[in-house]
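Structure file final_36.csv (CSV, C-alpha atoms and all ligand atoms) is printed below.
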```
chain,number,residue,atom,x,y,z
A,170,MET,CA,5.4,-5.1,25.1
A,171,LYS,CA,2.9,-7.4,23.5
A,172,LYS,CA,2.7,-6.8,19.8
A,173,GLY,CA,0.1,-7.9,17.3
A,174,LEU,CA,0.5,-9.0,13.7
A,175,PHE,CA,0.0,-6.8,10.7
A,176,ILE,CA,-0.8,-8.5,7.4
A,177,THR,CA,-1.7,-6.7,4.2
A,178,PHE,CA,-3.4,-8.0,1.1
A,179,GLU,CA,-2.3,-6.4,-2.1
A,180,GLY,CA,-2.9,-7.0,-5.8
A,181,SER,CA,-4.5,-5.5,-8.9
A,182,GLU,CA,-8.2,-5.1,-9.5
A,183,GLY,CA,-10.1,-8.3,-9.3
A,184,SER,CA,-7.3,-10.4,-8.0
A,185,GLY,CA,-9.3,-11.9,-5.1
A,186,LYS,CA,-8.0,-9.8,-2.1
A,187,SER,CA,-11.4,-9.2,-0.6
A,188,THR,CA,-12.6,-12.7,-1.1
A,189,GLN,CA,-9.5,-14.2,0.6
A,190,ILE,CA,-9.3,-11.7,3.4
A,191,ALA,CA,-12.9,-12.4,4.4
A,192,LEU,CA,-12.3,-16.2,4.4
A,193,ILE,CA,-9.2,-15.9,6.6
A,194,GLU,CA,-10.9,-13.5,9.0
A,195,THR,CA,-13.6,-16.1,9.6
A,196,GLU,CA,-10.9,-18.9,10.0
A,197,LEU,CA,-8.8,-16.9,12.5
A,198,LYS,CA,-11.8,-15.8,14.5
A,199,LYS,CA,-12.9,-19.5,14.7
A,200,LYS,CA,-9.5,-20.2,16.3
A,201,GLY,CA,-10.3,-17.6,18.9
A,202,LEU,CA,-7.8,-14.9,17.7
A,203,ASP,CA,-8.5,-11.3,18.1
A,204,VAL,CA,-8.8,-10.2,14.5
A,205,LEU,CA,-9.4,-6.8,13.0
A,206,LEU,CA,-10.3,-6.5,9.2
A,207,ILE,CA,-10.0,-3.1,7.5
A,208,ARG,CA,-9.9,-1.8,4.0
A,209,GLU,CA,-8.1,1.0,2.3
A,210,PRO,CA,-8.8,3.7,1.5
A,211,GLY,CA,-11.3,3.9,4.4
A,212,GLY,CA,-11.7,1.9,7.5
A,213,VAL,CA,-12.6,4.9,9.8
A,214,LYS,CA,-15.0,7.8,9.3
A,215,ILE,CA,-12.6,10.4,8.0
A,216,SER,CA,-10.8,8.0,5.7
A,217,GLU,CA,-14.2,6.7,4.3
A,218,LEU,CA,-15.0,10.3,3.5
A,219,ILE,CA,-11.7,10.7,1.7
A,220,ARG,CA,-12.4,7.4,-0.1
A,221,LYS,CA,-15.6,8.8,-1.6
A,222,VAL,CA,-13.6,11.8,-3.1
A,223,LEU,CA,-10.9,9.5,-4.4
A,224,LEU,CA,-13.1,7.0,-6.2
A,225,ASP,CA,-15.9,9.3,-7.4
A,226,VAL,CA,-15.8,9.2,-11.3
A,227,LYS,CA,-17.0,12.8,-11.3
A,228,ASN,CA,-13.7,14.0,-9.9
A,229,THR,CA,-12.0,14.1,-13.3
A,230,GLU,CA,-9.9,17.2,-12.6
A,231,MET,CA,-8.0,15.6,-9.7
A,232,ASN,CA,-4.2,15.8,-10.3
A,233,ASN,CA,-1.7,13.1,-9.5
A,234,GLU,CA,-0.2,14.9,-6.5
A,235,CYS,CA,-3.6,15.5,-4.9
A,236,GLU,CA,-4.4,11.8,-5.5
A,237,VAL,CA,-1.2,10.7,-3.6
A,238,LEU,CA,-1.8,13.0,-0.7
A,239,LEU,CA,-5.4,12.0,-0.3
A,240,TYR,CA,-4.5,8.3,-0.2
A,241,MET,CA,-1.8,9.1,2.4
A,242,ALA,CA,-4.2,11.3,4.4
A,243,ALA,CA,-6.7,8.5,4.6
A,244,ARG,CA,-4.0,6.1,5.6
A,245,ALA,CA,-2.5,8.4,8.3
A,246,GLN,CA,-5.9,8.7,10.0
A,247,LEU,CA,-6.4,4.9,9.8
A,248,VAL,CA,-3.0,4.1,11.2
A,249,GLY,CA,-3.3,6.5,14.1
A,250,GLU,CA,-6.9,5.8,15.0
A,251,VAL,CA,-7.0,2.0,14.5
A,252,ILE,CA,-4.0,0.2,13.3
A,253,ARG,CA,-1.4,1.3,15.9
A,254,PRO,CA,-3.7,0.9,18.9
A,255,ALA,CA,-4.8,-2.6,17.6
A,256,LEU,CA,-1.2,-3.8,17.2
A,257,ALA,CA,-0.3,-2.4,20.6
A,258,CYS,CA,-2.9,-4.5,22.2
A,259,GLY,CA,-1.9,-7.7,20.3
A,260,LYS,CA,-4.5,-8.0,17.6
A,261,VAL,CA,-4.1,-9.6,14.2
A,262,VAL,CA,-4.8,-6.7,11.8
A,263,LEU,CA,-5.7,-7.8,8.3
A,264,CYS,CA,-5.7,-4.8,5.8
A,265,ASP,CA,-7.2,-4.9,2.3
A,266,ARG,CA,-4.5,-2.7,0.6
A,267,PHE,CA,-1.9,-0.4,2.3
A,268,LEU,CA,1.1,1.7,1.3
A,269,ASP,CA,2.2,-0.6,-1.5
A,270,SER,CA,-1.0,0.2,-3.3
A,271,THR,CA,0.0,3.9,-3.5
A,272,ILE,CA,3.6,3.0,-4.6
A,273,VAL,CA,2.3,0.9,-7.5
A,274,TYR,CA,-0.9,2.8,-8.5
A,275,GLN,CA,0.5,6.3,-8.2
A,276,GLY,CA,4.3,5.6,-8.4
A,277,TYR,CA,4.5,3.0,-11.1
A,278,GLY,CA,1.1,3.7,-12.6
A,279,HIS,CA,1.5,7.5,-13.1
A,280,GLY,CA,5.3,7.4,-13.3
A,281,MET,CA,5.7,9.6,-10.2
A,282,ASP,CA,9.0,9.6,-8.2
A,283,LEU,CA,9.0,6.4,-6.1
A,284,LYS,CA,11.4,7.8,-3.4
A,285,THR,CA,9.1,10.8,-2.8
A,286,ILE,CA,6.1,8.5,-2.4
A,287,GLN,CA,8.1,6.2,0.0
A,288,ASP,CA,9.1,9.3,2.1
A,289,ILE,CA,5.5,10.6,2.3
A,290,GLY,CA,4.5,7.1,3.1
A,291,ALA,CA,6.9,6.7,6.0
A,292,PHE,CA,5.6,10.0,7.4
A,293,SER,CA,1.9,9.0,7.0
A,294,THR,CA,2.2,5.6,8.5
A,295,GLN,CA,4.4,6.6,11.4
A,296,LYS,CA,6.6,3.9,9.9
A,297,VAL,CA,4.2,1.1,10.8
A,298,ARG,CA,5.1,-1.6,8.3
A,299,PRO,CA,3.3,-4.9,7.5
A,300,ASP,CA,4.9,-8.1,9.0
A,301,MET,CA,3.8,-9.9,5.9
A,302,THR,CA,2.2,-8.9,2.6
A,303,LEU,CA,0.3,-11.3,0.4
A,304,LEU,CA,0.4,-10.3,-3.2
A,305,PHE,CA,-2.4,-11.7,-5.3
A,306,ASP,CA,-1.0,-11.8,-8.8
A,307,ILE,CA,-3.4,-12.0,-11.7
A,308,GLU,CA,-3.1,-11.5,-15.5
A,309,THR,CA,-4.3,-7.9,-16.0
A,310,GLU,CA,-7.2,-8.6,-18.5
A,311,GLU,CA,-8.5,-11.5,-16.3
A,312,GLY,CA,-8.4,-9.2,-13.2
A,313,LEU,CA,-10.4,-6.5,-15.0
A,314,ARG,CA,-12.9,-9.0,-16.2
A,315,ARG,CA,-13.4,-10.4,-12.7
A,316,ALA,CA,-13.7,-6.9,-11.3
A,317,GLY,CA,-16.8,-6.4,-13.5
A,318,GLN,CA,-18.5,-3.4,-15.2
A,319,ASN,CA,-19.1,-0.9,-12.4
A,320,LYS,CA,-15.8,0.8,-12.5
A,321,ASP,CA,-14.6,3.5,-10.0
A,322,ARG,CA,-12.3,6.4,-11.0
A,323,ILE,CA,-9.1,4.3,-10.7
A,324,GLU,CA,-10.5,1.1,-12.3
A,325,GLN,CA,-11.6,3.1,-15.4
A,326,ARG,CA,-7.9,3.7,-16.3
A,327,SER,CA,-6.3,2.1,-19.4
A,328,LEU,CA,-5.1,-1.4,-19.8
A,329,ASP,CA,-1.5,-0.1,-20.0
A,330,TYR,CA,-1.9,1.7,-16.7
A,331,HIS,CA,-3.1,-1.6,-15.0
A,332,LYS,CA,-0.3,-3.5,-16.6
A,333,ARG,CA,2.2,-1.0,-15.0
A,334,VAL,CA,0.4,-1.6,-11.7
A,335,ARG,CA,0.9,-5.3,-12.0
A,336,SER,CA,4.6,-5.1,-12.9
A,337,GLY,CA,5.1,-2.6,-10.1
A,338,TYR,CA,3.8,-5.0,-7.6
A,339,LEU,CA,6.0,-7.8,-8.9
A,340,GLN,CA,9.0,-5.5,-8.7
A,341,LEU,CA,8.2,-4.6,-5.1
A,342,ALA,CA,7.9,-8.3,-4.3
A,343,LYS,CA,11.3,-9.0,-5.9
A,344,GLU,CA,12.9,-6.2,-3.9
A,345,ASP,CA,11.5,-7.4,-0.6
A,346,PRO,CA,11.1,-11.2,-0.6
A,347,GLY,CA,11.2,-11.3,3.2
A,348,ARG,CA,7.9,-9.5,3.5
A,349,PHE,CA,6.1,-10.5,0.3
A,350,ARG,CA,4.4,-13.8,-0.6
A,351,VAL,CA,3.3,-13.9,-4.2
A,352,ILE,CA,0.1,-15.9,-4.7
A,353,ARG,CA,-1.0,-17.2,-8.1
A,354,VAL,CA,-4.8,-16.8,-8.5
A,355,ASP,CA,-5.4,-18.8,-11.7
A,356,ARG,CA,-7.0,-21.6,-9.6
A,357,GLY,CA,-10.0,-22.1,-7.3
A,358,LYS,CA,-10.8,-20.0,-4.3
A,359,GLU,CA,-10.4,-23.0,-1.9
A,360,GLU,CA,-6.9,-23.9,-3.2
A,361,ILE,CA,-5.8,-20.3,-2.9
A,362,PHE,CA,-7.2,-20.1,0.6
A,363,GLN,CA,-5.2,-23.1,1.7
A,364,GLU,CA,-2.0,-21.3,0.7
A,365,VAL,CA,-3.1,-18.0,2.3
A,366,LYS,CA,-3.8,-20.0,5.5
A,367,ALA,CA,-0.5,-21.7,5.5
A,368,HIS,CA,1.4,-18.4,5.1
A,369,ILE,CA,-0.6,-16.8,7.9
A,370,GLU,CA,-0.2,-19.7,10.2
A,371,HIS,CA,3.5,-19.7,9.6
A,372,CYS,CA,3.7,-16.0,10.5
A,373,LEU,CA,1.7,-16.6,13.7
A,374,SER,CA,4.0,-19.4,14.7
A,375,GLN,CA,7.0,-17.1,14.4
A,376,GLN,CA,5.6,-14.6,16.9
A,401,LIG,N1,-10.0,-17.9,-7.5
A,401,LIG,C1,-11.0,-17.3,-8.1
A,401,LIG,N2,-11.4,-17.7,-9.4
A,401,LIG,C2,-12.4,-17.0,-10.0
A,401,LIG,N3,-13.0,-15.9,-9.6
A,401,LIG,C3,-12.6,-15.5,-8.4
A,401,LIG,C4,-11.6,-16.1,-7.6
A,401,LIG,N4,-11.5,-15.4,-6.4
A,401,LIG,C5,-12.4,-14.4,-6.5
A,401,LIG,N5,-13.1,-14.4,-7.6
A,401,LIG,C6,-14.1,-13.5,-8.0
A,401,LIG,O1,-13.5,-12.4,-8.7
A,401,LIG,C7,-14.2,-11.2,-8.4
A,401,LIG,C8,-13.2,-10.2,-7.8
A,401,LIG,O2,-12.8,-10.8,-6.5
A,401,LIG,P1,-12.5,-9.8,-5.3
A,401,LIG,O3,-13.6,-8.8,-5.1
A,401,LIG,O4,-12.2,-10.7,-4.1
A,401,LIG,O5,-11.1,-9.1,-5.8
A,401,LIG,P2,-10.4,-7.8,-5.2
A,401,LIG,O6,-8.9,-8.1,-5.4
A,401,LIG,O7,-10.9,-7.5,-3.9
A,401,LIG,O8,-10.8,-6.7,-6.3
A,401,LIG,P3,-10.8,-5.1,-6.1
A,401,LIG,O9,-9.4,-4.7,-6.2
A,401,LIG,O10,-11.7,-4.6,-7.2
A,401,LIG,O11,-11.4,-4.8,-4.7
A,401,LIG,C9,-15.3,-11.6,-7.5
A,401,LIG,O12,-16.5,-11.7,-8.2
A,401,LIG,C10,-14.9,-12.9,-6.9
A,401,LIG,O13,-16.0,-13.7,-6.5
A,402,MG,MG,-11.7,-5.7,-3.0
```
Whole structure given in structure tokens:
Amino acid sequence: MKKGLFITFEGSEGSGKSTQIALIETELKKKGLDVLLIREPGGVKISELIRKVLLDVKNTEMNNECEVLLYMAARAQLVGEVIRPALACGKVVLCDRFLDSTIVYQGYGHGMDLKTIQDIGAFSTQKVRPDMTLLFDIETEEGLRRAGQNKDRIEQRSLDYHKRVRSGYLQLAKEDPGRFRVIRVDRGKEEIFQEVKAHIEHCLSQQ
């Protein structure tokens, strides 16, 4: 069966994920590839509704368990409605955040049990896993500065929380070097883009 390619873009706030994913989408489309760009949480109607609940600064009473399950619910709908069908018909799916985000923001960030989150994640994603994950690694203060003043419910959290997120990401990358590519972002967008492009072209050539 023809199979597509699933590439996820991960990293802390302001690390340049959305910038780079848009650049590579344009590049791959220029080459004539069938590309689908989506973002998490969201990407389809139901998941975008859940996104609003998750990011709304007014929802101060939300507990950590509810937060995990809402992220997973949004993801489950996105995988079933869009990601699996797209991969089945051979598309290149570029996703701005995926399961690793929940592992680091809720697992490492809140200190929740990682194995439990992994298990709920496997159920929610029907075990759909990225072929490659690009991790944009940025020094925490610089990322928050780049992300700007308009902070959502998650971005508002403490500097220490965001530092745990960053080290969680680096830990995941260390544990799974076959899937992760860590990209340094203390340089210009064009230089970063050339590295992103090289990783994705390599991945495409392996298909
Ligand atoms: N290499 C770079 N150098 C300096 N600024 C950059 C670079 N790449 C992106 N930026 C800028 O940093 C800001 C954050 O970038 P971007 O929105 O792509 O990050 P993100 O990882 O998607 O953030 P978020 O997690 O908040 O969605 C934007 O204003 C963007 O223009
Ligand atoms: Mg973004």
| request: Could you give me, as an MDAnalysis selection string, every polymer residue with an atom at most 9 Å away from an atom of ligand MG 402 (chain A), counting all atoms listed in the file? | output: chainID A and resid 182:188 208 265:266 316
| task | Would you list the residues near (-8.4, 2.0, 2.6), meaning any protein, DNA or RNA residue with an atom at most 9 Å from that point in file coordinates, counting only C-alpha atoms, as a list in words? | result |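 The requested residues, written out, are Ile207, Arg208, Glu209, Pro210, Gly211, Gly212, Val213, Ser216, Glu217, Arg220, Tyr240, Ala243, Arg244, Leu247, Cys264, Asp265, Arg266 and Phe267 of chain A.
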| remark: Separating atom CA of Ala245 of chain A from atom CA of Ile219 of chain A, to the nearest tenth of an Å, is a gap of 11.6 Å
| task | Point out the residue among A:Ala367, A:Leu304, A:Leu224, A:Met241 with the least atom-to-atom distance to Gln287 of chain A, counting all atoms listed in the file. | result |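 Of all the options, A:Met241 lies closest to Gln287 of chain A.
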| message | As an exercise, work out the distance from atom O5 of ligand LIG 401 (chain A) to atom CA of Arg315 of chain A in Å and give it to one decimal place. | response |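 Atom CA of Arg315 of chain A lies at a distance of 7.4 Å from atom O5 of ligand LIG 401 (chain A).
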| query | How many Å lie between atom CA of Ala291 of chain A and atom CA of Leu206 of chain A, rounded to one decimal? | reply |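 Spanning atom CA of Ala291 of chain A to atom CA of Leu206 of chain A is a straight-line distance of 21.9 Å.
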| said: Using all atoms listed in the file for the distances, tell me which of A:Leu339, A:Val248, A:Val262, A:Val365 is nearest to Thr177 of chain A. | reply: A:Val262
| message | Please determine, counting all atoms listed in the file, which residue among A:Ile361, A:Gln325, A:Val204, A:Asp345 has the shortest atom-to-atom distance to Cys258 of chain A. | response |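 Checking each candidate against Cys258 of chain A, we get A:Val204 as the closest.
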| task | Find the residue from A:Leu174, A:Ala191, A:Val273, A:Leu223 that sits nearest to Gly337 of chain A; use all atoms listed in the file when measuring. | result | A:Val273
| Option closest in space to ligand LIG 401 (chain A), from A:Leu341, A:Ile272, A:Ile323, A:Ile176 [counting all atoms listed in the file] | A:Ile323
